[in-house]
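Source file: protein15.csv (CSV, C-alpha atoms and all ligand atoms)
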chain,number,residue,atom,x,y,z
F,1,MET,CA,17.5,3.8,3.1
F,2,ASP,CA,18.1,0.4,4.5
F,3,ASN,CA,21.1,0.6,6.7
F,4,HIS,CA,22.3,-2.8,5.7
F,5,LEU,CA,22.1,-2.4,2.0
F,6,CYS,CA,25.8,-2.1,1.5
F,7,HIS,CA,26.8,-4.5,4.2
F,8,SER,CA,24.7,-7.2,2.6
F,9,ARG,CA,27.0,-7.1,-0.4
F,10,PRO,CA,29.4,-10.0,-0.5
F,11,PHE,CA,32.7,-8.3,0.3
F,12,ARG,CA,34.4,-11.7,0.4
F,13,HIS,CA,32.5,-13.4,-2.3
F,14,PRO,CA,34.0,-16.9,-2.9
F,15,CYS,CA,34.8,-15.9,-6.5
F,16,TYR,CA,37.0,-13.2,-5.3
F,17,ASN,CA,39.1,-15.2,-3.0
F,18,ASN,CA,42.0,-15.2,-5.4
F,19,LEU,CA,41.8,-11.6,-6.1
F,20,ALA,CA,44.2,-9.6,-4.1
F,21,VAL,CA,42.9,-6.1,-5.0
F,22,ARG,CA,39.6,-4.9,-3.7
F,23,ILE,CA,38.0,-1.6,-4.8
F,24,LEU,CA,35.1,0.3,-3.3
F,25,ILE,CA,33.0,2.5,-5.6
F,26,VAL,CA,30.8,5.0,-3.7
F,27,GLU,CA,28.6,6.4,-6.5
F,28,ASP,CA,24.8,6.9,-6.4
F,29,GLU,CA,24.2,6.9,-10.1
F,30,PRO,CA,23.5,3.2,-10.9
F,31,LYS,CA,24.5,3.5,-14.5
F,32,VAL,CA,27.9,5.1,-13.7
F,33,ALA,CA,28.5,2.7,-10.8
F,34,SER,CA,27.8,-0.4,-12.9
F,35,PHE,CA,29.8,0.9,-15.8
F,36,ILE,CA,32.9,1.4,-13.6
F,37,ARG,CA,32.3,-1.9,-11.8
F,38,ARG,CA,32.2,-3.9,-15.0
F,39,ALA,CA,35.4,-2.3,-16.3
F,40,LEU,CA,37.2,-2.9,-13.0
F,41,GLU,CA,36.0,-6.5,-12.8
F,42,GLU,CA,37.3,-7.0,-16.3
F,43,GLU,CA,40.7,-6.1,-14.9
F,44,SER,CA,40.2,-8.8,-12.3
F,45,TYR,CA,39.7,-6.5,-9.4
F,46,ALA,CA,37.2,-7.3,-6.7
F,47,VAL,CA,34.6,-4.5,-6.6
F,48,ASP,CA,32.0,-3.4,-4.1
F,49,VAL,CA,29.5,-0.6,-4.9
F,50,CYS,CA,27.8,1.6,-2.4
F,51,PRO,CA,25.3,4.3,-3.4
F,52,ASP,CA,25.2,6.3,-0.2
F,53,GLY,CA,27.7,8.6,1.6
F,54,ILE,CA,27.1,7.4,5.1
F,55,GLN,CA,27.4,3.7,4.2
F,56,GLY,CA,30.3,4.5,2.0
F,57,ARG,CA,32.1,6.1,4.9
F,58,ASP,CA,31.4,3.2,7.2
F,59,LEU,CA,32.5,0.6,4.6
F,60,ALA,CA,35.7,2.6,3.8
F,61,SER,CA,36.6,2.6,7.4
F,62,GLU,CA,35.7,-1.0,8.2
F,63,VAL,CA,36.8,-2.9,5.2
F,64,ASP,CA,40.4,-3.0,4.1
F,65,TYR,CA,40.1,-1.7,0.5
F,66,ASP,CA,43.1,-1.1,-1.8
F,67,LEU,CA,41.4,1.7,-3.6
F,68,ILE,CA,38.3,3.8,-3.1
F,69,ILE,CA,36.5,5.6,-6.0
F,70,LEU,CA,34.4,8.3,-4.5
F,71,ASP,CA,31.8,10.5,-6.1
F,72,LEU,CA,31.4,13.9,-4.5
F,73,MET,CA,27.7,14.4,-5.0
F,74,LEU,CA,26.1,11.7,-2.8
F,75,PRO,CA,22.9,11.2,-0.8
F,76,GLY,CA,23.4,10.7,2.9
F,77,LEU,CA,26.8,12.4,3.2
F,78,PRO,CA,28.7,14.5,0.6
F,79,GLY,CA,31.7,12.8,-0.7
F,80,ILE,CA,34.0,15.5,0.7
F,81,ASP,CA,32.8,14.6,4.2
F,82,VAL,CA,33.2,10.9,3.5
F,83,LEU,CA,36.7,11.7,2.5
F,84,LYS,CA,37.5,13.7,5.6
F,85,ALA,CA,35.9,11.1,7.9
F,86,VAL,CA,37.9,8.3,6.3
F,87,ARG,CA,41.2,10.3,6.6
F,88,ASP,CA,40.3,11.2,10.2
F,89,ALA,CA,39.9,7.5,10.9
F,90,LYS,CA,43.6,7.2,9.7
F,91,VAL,CA,42.6,5.1,6.7
F,92,ALA,CA,45.4,5.6,4.2
F,93,THR,CA,43.7,3.8,1.3
F,94,PRO,CA,44.2,5.7,-2.0
F,95,ILE,CA,41.1,7.7,-2.9
F,96,LEU,CA,40.2,8.8,-6.4
F,97,ILE,CA,37.4,11.4,-6.5
F,98,LEU,CA,34.9,11.9,-9.3
F,99,THR,CA,33.8,15.5,-9.8
F,100,ALA,CA,31.9,17.6,-12.2
F,101,ARG,CA,34.1,19.3,-14.7
F,102,SER,CA,33.0,22.8,-13.8
F,103,ARG,CA,33.7,22.4,-10.1
F,104,VAL,CA,37.3,23.4,-9.7
F,105,ASP,CA,36.7,24.3,-6.1
F,106,GLN,CA,35.5,20.7,-5.4
F,107,ARG,CA,38.7,19.3,-6.9
F,108,VAL,CA,40.8,21.6,-4.7
F,109,LYS,CA,38.8,20.7,-1.6
F,110,GLY,CA,39.1,17.1,-2.4
F,111,LEU,CA,42.8,17.1,-2.8
F,112,ASP,CA,43.1,19.3,0.3
F,113,ALA,CA,41.0,16.8,2.2
F,114,GLY,CA,43.3,13.9,1.3
F,115,ALA,CA,42.2,12.6,-2.0
F,116,ASP,CA,45.1,11.1,-4.1
F,117,ASP,CA,43.7,11.9,-7.5
F,118,TYR,CA,40.6,13.1,-9.2
F,119,LEU,CA,38.8,12.5,-12.4
F,120,THR,CA,36.2,14.9,-13.9
F,121,LYS,CA,32.9,13.7,-15.2
F,122,PRO,CA,32.3,12.7,-17.9
F,123,PHE,CA,35.5,10.6,-18.1
F,124,ALA,CA,36.9,7.9,-20.4
F,125,ILE,CA,36.8,4.6,-18.7
F,126,GLU,CA,40.3,3.8,-20.0
F,127,GLU,CA,41.5,6.8,-18.1
F,128,LEU,CA,39.8,5.7,-14.9
F,129,ILE,CA,41.4,2.3,-15.2
F,130,ALA,CA,44.8,3.8,-15.9
F,131,ARG,CA,44.6,6.0,-12.9
F,132,ALA,CA,43.3,3.3,-10.7
F,133,ARG,CA,46.2,1.1,-11.7
F,134,ALA,CA,48.7,3.9,-11.0
F,135,LEU,CA,47.3,4.5,-7.6
F,136,LEU,CA,47.4,0.8,-6.8
F,137,ARG,CA,50.9,0.6,-8.0
F,138,ARG,CA,52.0,3.5,-5.9
F,139,ALA,CA,50.2,2.2,-2.8
F,140,GLY,CA,51.8,-1.2,-3.4
F,141,GLY,CA,55.1,0.4,-2.3
F,142,ASP,CA,57.0,-0.5,-5.5
F,143,THR,CA,58.9,2.7,-5.2
F,144,ALA,CA,62.4,1.3,-5.3
F,145,SER,CA,62.5,-0.1,-8.8
F,146,ILE,CA,64.6,1.7,-11.4
F,147,LEU,CA,62.4,3.7,-13.7
F,148,GLN,CA,63.3,3.8,-17.4
F,149,ILE,CA,61.7,5.5,-20.4
F,150,ASP,CA,63.6,5.2,-23.6
F,151,ASP,CA,67.2,5.9,-22.6
F,152,LEU,CA,66.2,8.0,-19.6
F,153,ILE,CA,66.9,6.1,-16.4
F,154,LEU,CA,66.1,7.2,-12.9
F,155,ASN,CA,67.2,5.4,-9.8
F,156,PRO,CA,64.8,6.2,-6.9
F,157,ILE,CA,67.3,5.0,-4.3
F,158,SER,CA,70.3,6.9,-5.3
F,159,HIS,CA,68.4,9.7,-7.1
F,160,GLU,CA,70.8,9.3,-10.0
F,161,VAL,CA,69.4,10.2,-13.4
F,162,THR,CA,71.0,9.4,-16.7
F,163,ARG,CA,70.0,9.8,-20.3
F,164,GLY,CA,72.0,7.6,-22.6
F,165,GLU,CA,75.6,7.9,-21.4
F,166,GLN,CA,75.1,11.2,-19.9
F,167,ARG,CA,74.6,11.8,-16.2
F,168,ILE,CA,72.0,14.5,-15.4
F,169,ASP,CA,72.3,16.7,-12.3
F,170,LEU,CA,68.9,17.8,-11.0
F,171,THR,CA,67.8,20.0,-8.1
F,172,SER,CA,65.6,18.3,-5.6
F,173,LYS,CA,62.4,19.8,-7.1
F,174,GLU,CA,63.5,19.0,-10.6
F,175,TYR,CA,64.1,15.4,-9.4
F,176,ALA,CA,60.7,15.2,-7.7
F,177,LEU,CA,59.0,16.5,-10.8
F,178,LEU,CA,60.8,14.0,-13.1
F,179,GLU,CA,60.1,11.1,-10.8
F,180,TYR,CA,56.4,12.0,-10.6
F,181,MET,CA,56.3,12.3,-14.4
F,182,MET,CA,58.1,9.0,-15.0
F,183,ARG,CA,55.9,7.2,-12.5
F,184,ASN,CA,52.9,8.5,-14.6
F,185,GLU,CA,54.4,7.8,-18.0
F,186,GLY,CA,52.0,8.6,-20.8
F,187,ARG,CA,49.4,10.2,-18.5
F,188,VAL,CA,48.5,13.9,-19.0
F,189,LEU,CA,49.5,15.6,-15.8
F,190,THR,CA,47.6,18.9,-15.1
F,191,ARG,CA,49.3,21.7,-13.3
F,192,PRO,CA,47.1,21.2,-10.3
F,193,MET,CA,48.1,17.6,-10.2
F,194,ILE,CA,51.8,18.5,-10.5
F,195,ALA,CA,51.4,21.2,-7.8
F,196,GLU,CA,49.7,18.8,-5.5
F,197,HIS,CA,52.1,15.9,-5.9
F,198,VAL,CA,55.4,17.7,-6.3
F,199,TRP,CA,55.0,20.9,-4.3
F,200,ASP,CA,52.2,19.9,-1.9
F,201,LEU,CA,50.9,23.4,-2.2
F,202,ASP,CA,47.8,25.3,-3.3
F,203,PHE,CA,48.2,25.5,-7.1
F,204,ASP,CA,46.3,28.7,-7.9
F,205,THR,CA,49.3,30.9,-7.4
F,206,PHE,CA,51.7,28.3,-8.6
F,207,THR,CA,51.1,27.5,-12.3
F,208,ASN,CA,54.0,29.7,-13.5
F,209,VAL,CA,56.4,27.9,-11.3
F,210,ILE,CA,55.5,24.6,-12.7
F,211,ASP,CA,56.0,25.9,-16.3
F,212,VAL,CA,59.4,27.2,-15.3
F,213,TYR,CA,60.4,23.9,-13.8
F,214,ILE,CA,59.1,22.0,-16.8
F,215,ASN,CA,61.4,24.1,-18.9
F,216,TYR,CA,64.4,23.4,-16.6
F,217,LEU,CA,63.7,19.7,-16.9
F,218,ARG,CA,63.3,20.0,-20.7
F,219,ASN,CA,66.7,21.7,-21.0
F,220,LYS,CA,68.4,19.0,-18.9
F,221,ILE,CA,66.5,15.9,-20.2
F,222,ASP,CA,65.6,16.6,-23.8
F,223,ARG,CA,68.1,19.2,-25.1
F,224,GLY,CA,70.4,17.7,-27.6
F,225,HIS,CA,68.4,14.5,-28.0
F,226,ASP,CA,66.5,13.5,-31.1
F,227,ARG,CA,63.6,12.2,-29.2
F,228,GLY,CA,61.9,14.6,-26.8
F,229,LEU,CA,60.3,12.9,-23.8
F,230,ILE,CA,58.5,15.8,-22.1
F,231,HIS,CA,55.5,17.0,-24.1
F,232,THR,CA,53.1,19.9,-23.6
F,233,VAL,CA,49.4,18.9,-23.9
F,234,ARG,CA,47.8,22.1,-25.0
F,235,GLY,CA,45.1,23.3,-22.6
F,236,SER,CA,45.8,20.4,-20.2
F,237,GLY,CA,49.3,20.1,-18.9
F,238,TYR,CA,52.3,17.9,-19.5
F,239,THR,CA,53.1,14.4,-20.2
F,240,LEU,CA,56.3,12.3,-20.3
F,241,LYS,CA,56.4,9.7,-22.9
F,242,LEU,CA,58.2,8.3,-25.9
F,243,THR,CA,56.3,9.2,-29.1
F,244,ASP,CA,56.5,7.4,-32.3
F,245,GLY,CA,58.8,8.7,-35.0
P,301,CA,CA,26.4,11.5,-7.6
Could the structure of this file be written out as structure tokens, please?
Amino acid sequence: MDNHLCHSRPFRHPCYNNLAVRILIVEDEPKVASFIRRALEEESYAVDVCPDGIQGRDLASEVDYDLIILDLMLPGLPGIDVLKAVRDAKVATPILILTARSRVDQRVKGLDAGADDYLTKPFAIEELIARARALLRRAGGDTASILQIDDLILNPISHEVTRGEQRIDLTSKEYALLEYMMRNEGRVLTRPMIAEHVWDLDFDTFTNVIDVYINYLRNKIDRGHDRGLIHTVRGSGYTLKLTDG
């Protein structure tokens, strides 16, 4: 493959000068790549597409992207090796990996190798956009603002949590879990995602602990309130949101 294929792409196309956010898609399937590209461009992000692992690795290391969307099955170099190389090069850009639904081992490896999030194929484009937005927001360092969902308020500086008039005392893990859920309001968080973000541990042996902690949180956050905020998503995980009615 022509070594300059990706590099000939206009990273700094004049049209993109005003766009602050630049995203790299490393995906060899043209249909999938252009589908994602179009959706991201509609969100006013600047997007580069690269169909090859080696070139993707080089681009990710050389160009200052805000987000990288990385397929794992790639020609040239497997996505997992791209990921490792990029992290070895001390590039901290958030990376969202795309994996086949059946490959749990890939997802684990990906997260272990420094991916920030993953999405299984086939995926809904709305979900990809939402996850991209969340990763960009987190990377943007906006971690100091007060979080509020309904009458639940969390102060990331003081770690103070209140619901309505009531102050809620949480252990540090309960707090970390709640903050993670509030920062991902409305998104279904799987147990592996929660394990990775909140416990930073291998999740296989860990799912029970997550369920236990979700129950602790429920008791402290939702008990005695008309509107429950923590919801179980059957077969998937948990989400924190205000539901209608
Ligand atoms: Ca592929």
Could you make a table, as a tab-separated table, of the residues of chain F that have an atom within 12 Å of an atom of ligand CA 301 (chain P), each with its nearest atom pair and distance in Å to one decimal, counting all atoms listed in the file, in chain and number order?
residue	atom	partner	partner_atom	distance
F:Ile25	CA	P:CA301	CA	11.3
F:Val26	CA	P:CA301	CA	8.8
F:Glu27	CA	P:CA301	CA	5.7
F:Asp28	CA	P:CA301	CA	5.0
F:Glu29	CA	P:CA301	CA	5.7
F:Pro30	CA	P:CA301	CA	9.4
F:Lys31	CA	P:CA301	CA	10.7
F:Val32	CA	P:CA301	CA	9.0
F:Ala33	CA	P:CA301	CA	9.6
F:Cys50	CA	P:CA301	CA	11.3
F:Pro51	CA	P:CA301	CA	8.4
F:Asp52	CA	P:CA301	CA	9.1
F:Gly53	CA	P:CA301	CA	9.7
F:Ile69	CA	P:CA301	CA	11.8
F:Leu70	CA	P:CA301	CA	9.2
F:Asp71	CA	P:CA301	CA	5.7
F:Leu72	CA	P:CA301	CA	6.4
F:Met73	CA	P:CA301	CA	4.1
F:Leu74	CA	P:CA301	CA	4.8
F:Pro75	CA	P:CA301	CA	7.7
F:Gly76	CA	P:CA301	CA	10.9
F:Leu77	CA	P:CA301	CA	10.8
F:Pro78	CA	P:CA301	CA	9.0
F:Gly79	CA	P:CA301	CA	8.8
F:Ile80	CA	P:CA301	CA	11.9
F:Ile97	CA	P:CA301	CA	11.1
F:Leu98	CA	P:CA301	CA	8.7
F:Thr99	CA	P:CA301	CA	8.7
F:Ala100	CA	P:CA301	CA	9.4
F:Lys121	CA	P:CA301	CA	10.2
F:Pro122	CA	P:CA301	CA	11.9
Generate a file of the selected residues that holds C-alpha atoms, formatted as a short mmCIF file (atom, residue, chain, number, x, y, z; two decimals), keeping the file's coordinate frame.
data_model
loop_
_atom_site.label_atom_id
_atom_site.label_comp_id
_atom_site.auth_asym_id
_atom_site.auth_seq_id
_atom_site.Cartn_x
_atom_site.Cartn_y
_atom_site.Cartn_z
CA ILE F 25 33.00 2.50 -5.60
CA VAL F 26 30.80 5.00 -3.70
CA GLU F 27 28.60 6.40 -6.50
CA ASP F 28 24.80 6.90 -6.40
CA GLU F 29 24.20 6.90 -10.10
CA PRO F 30 23.50 3.20 -10.90
CA LYS F 31 24.50 3.50 -14.50
CA VAL F 32 27.90 5.10 -13.70
CA ALA F 33 28.50 2.70 -10.80
CA CYS F 50 27.80 1.60 -2.40
CA PRO F 51 25.30 4.30 -3.40
CA ASP F 52 25.20 6.30 -0.20
CA GLY F 53 27.70 8.60 1.60
CA ILE F 69 36.50 5.60 -6.00
CA LEU F 70 34.40 8.30 -4.50
CA ASP F 71 31.80 10.50 -6.10
CA LEU F 72 31.40 13.90 -4.50
CA MET F 73 27.70 14.40 -5.00
CA LEU F 74 26.10 11.70 -2.80
CA PRO F 75 22.90 11.20 -0.80
CA GLY F 76 23.40 10.70 2.90
CA LEU F 77 26.80 12.40 3.20
CA PRO F 78 28.70 14.50 0.60
CA GLY F 79 31.70 12.80 -0.70
CA ILE F 80 34.00 15.50 0.70
CA ILE F 97 37.40 11.40 -6.50
CA LEU F 98 34.90 11.90 -9.30
CA THR F 99 33.80 15.50 -9.80
CA ALA F 100 31.90 17.60 -12.20
CA LYS F 121 32.90 13.70 -15.20
CA PRO F 122 32.30 12.70 -17.90
#
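Going from atom CA of Arg163 of chain F over to atom CA of Asp151 of chain F, you cover 5.3 Å.
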Can you tell me, as a PyMOL selection string, what residues are no more than 12 Å from segment 90-94 of chain F when counting only C-alpha atoms, ignoring any on the same chain fewer than 6 positions away?
chain F and resi 21-24+57-70+82-84+111+114-118+131-140
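Note that atom CA of Asp150 of chain F and atom CA of Ile221 of chain F are 11.6 Å apart.
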Between F:Val212, F:Ile146, F:Ile36, F:Val233, which is the closest to Phe123 of chain F once you count only C-alpha atoms?
F:Ile36
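Atom CA of Leu177 of chain F is positioned 5.9 Å from atom CA of Val198 of chain F.
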For Asp226 of chain F, the nearest of the candidates F:Ile125, F:Ala89, F:Ile157, F:Leu242, counting all atoms listed in the file:
F:Leu242
What lies within 7 Å of Gly186 of chain F using all atoms listed in the file, ignoring chain neighbours under 5 positions off, as a ChimeraX atom specification?
/F:239-241
Which residue of F:Glu127, F:Lys220, F:Val104, F:Leu96 approaches Thr162 of chain F most closely, using all atoms listed in the file
F:Lys220
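When the distance limit is 12 Å and all atoms listed in the file are what count, the residues near Thr171 of chain F, minus those fewer than 6 positions from it on the same chain, are His159, Glu160, Val161, Leu177, Leu178, Tyr213, Tyr216, Leu217 and Lys220 of chain F.
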Choose the residue, out of F:Glu185, F:Asp48, F:Val209, F:Ser158, that has the smallest atom-to-atom separation from Lys173 of chain F; count only C-alpha atoms.
F:Val209
As a tab-separated table (two decimals), in the frame of the given file, could you write out segment 81-106 of chain F once it has been completed with N, CA and C atoms?
chain	number	residue	atom	x	y	z
F	81	ASP	N	32.82	14.97	2.78
F	81	ASP	CA	32.80	14.60	4.20
F	81	ASP	C	33.10	13.13	4.42
F	82	VAL	N	32.76	12.32	3.43
F	82	VAL	CA	33.20	10.90	3.50
F	82	VAL	C	34.71	10.86	3.52
F	83	LEU	N	35.28	11.62	2.60
F	83	LEU	CA	36.70	11.70	2.50
F	83	LEU	C	37.39	12.11	3.80
F	84	LYS	N	36.88	13.20	4.37
F	84	LYS	CA	37.50	13.70	5.60
F	84	LYS	C	37.33	12.68	6.75
F	85	ALA	N	36.14	12.05	6.81
F	85	ALA	CA	35.90	11.10	7.90
F	85	ALA	C	36.87	9.89	7.75
F	86	VAL	N	37.08	9.47	6.51
F	86	VAL	CA	37.90	8.30	6.30
F	86	VAL	C	39.39	8.66	6.64
F	87	ARG	N	39.81	9.86	6.27
F	87	ARG	CA	41.20	10.30	6.60
F	87	ARG	C	41.31	10.52	8.13
F	88	ASP	N	40.25	11.05	8.74
F	88	ASP	CA	40.30	11.20	10.20
F	88	ASP	C	40.41	9.90	10.92
F	89	ALA	N	39.85	8.86	10.29
F	89	ALA	CA	39.90	7.50	10.90
F	89	ALA	C	41.28	6.86	10.57
F	90	LYS	N	42.19	7.65	10.01
F	90	LYS	CA	43.60	7.20	9.70
F	90	LYS	C	43.59	6.06	8.67
F	91	VAL	N	42.60	6.05	7.80
F	91	VAL	CA	42.60	5.10	6.70
F	91	VAL	C	43.43	5.71	5.56
F	92	ALA	N	44.49	5.02	5.15
F	92	ALA	CA	45.40	5.60	4.20
F	92	ALA	C	45.12	5.10	2.74
F	93	THR	N	44.07	4.33	2.57
F	93	THR	CA	43.70	3.80	1.30
F	93	THR	C	43.69	4.91	0.20
F	94	PRO	N	44.30	4.68	-0.95
F	94	PRO	CA	44.20	5.70	-2.00
F	94	PRO	C	42.77	5.99	-2.38
F	95	ILE	N	42.46	7.26	-2.56
F	95	ILE	CA	41.10	7.70	-2.90
F	95	ILE	C	41.13	8.50	-4.18
F	96	LEU	N	40.35	8.05	-5.16
F	96	LEU	CA	40.20	8.80	-6.40
F	96	LEU	C	38.80	9.42	-6.39
F	97	ILE	N	38.72	10.73	-6.49
F	97	ILE	CA	37.40	11.40	-6.50
F	97	ILE	C	36.90	11.66	-7.88
F	98	LEU	N	35.59	11.58	-8.00
F	98	LEU	CA	34.90	11.90	-9.30
F	98	LEU	C	34.19	13.22	-9.07
F	99	THR	N	34.48	14.18	-9.92
F	99	THR	CA	33.80	15.50	-9.80
F	99	THR	C	33.32	16.01	-11.08
F	100	ALA	N	32.39	16.95	-10.99
F	100	ALA	CA	31.90	17.60	-12.20
F	100	ALA	C	33.00	18.50	-12.76
F	101	ARG	N	33.07	18.55	-14.07
F	101	ARG	CA	34.10	19.30	-14.70
F	101	ARG	C	34.22	20.75	-14.28
F	102	SER	N	33.05	21.33	-14.05
F	102	SER	CA	33.00	22.80	-13.80
F	102	SER	C	33.46	23.11	-12.34
F	103	ARG	N	33.51	22.12	-11.48
F	103	ARG	CA	33.70	22.40	-10.10
F	103	ARG	C	35.18	22.35	-9.66
F	104	VAL	N	35.92	23.36	-10.05
F	104	VAL	CA	37.30	23.40	-9.70
F	104	VAL	C	37.49	23.44	-8.16
F	105	ASP	N	36.59	24.18	-7.51
F	105	ASP	CA	36.70	24.30	-6.10
F	105	ASP	C	36.54	22.94	-5.38
F	106	GLN	N	35.70	22.07	-5.98
F	106	GLN	CA	35.50	20.70	-5.40
F	106	GLN	C	36.82	19.91	-5.52
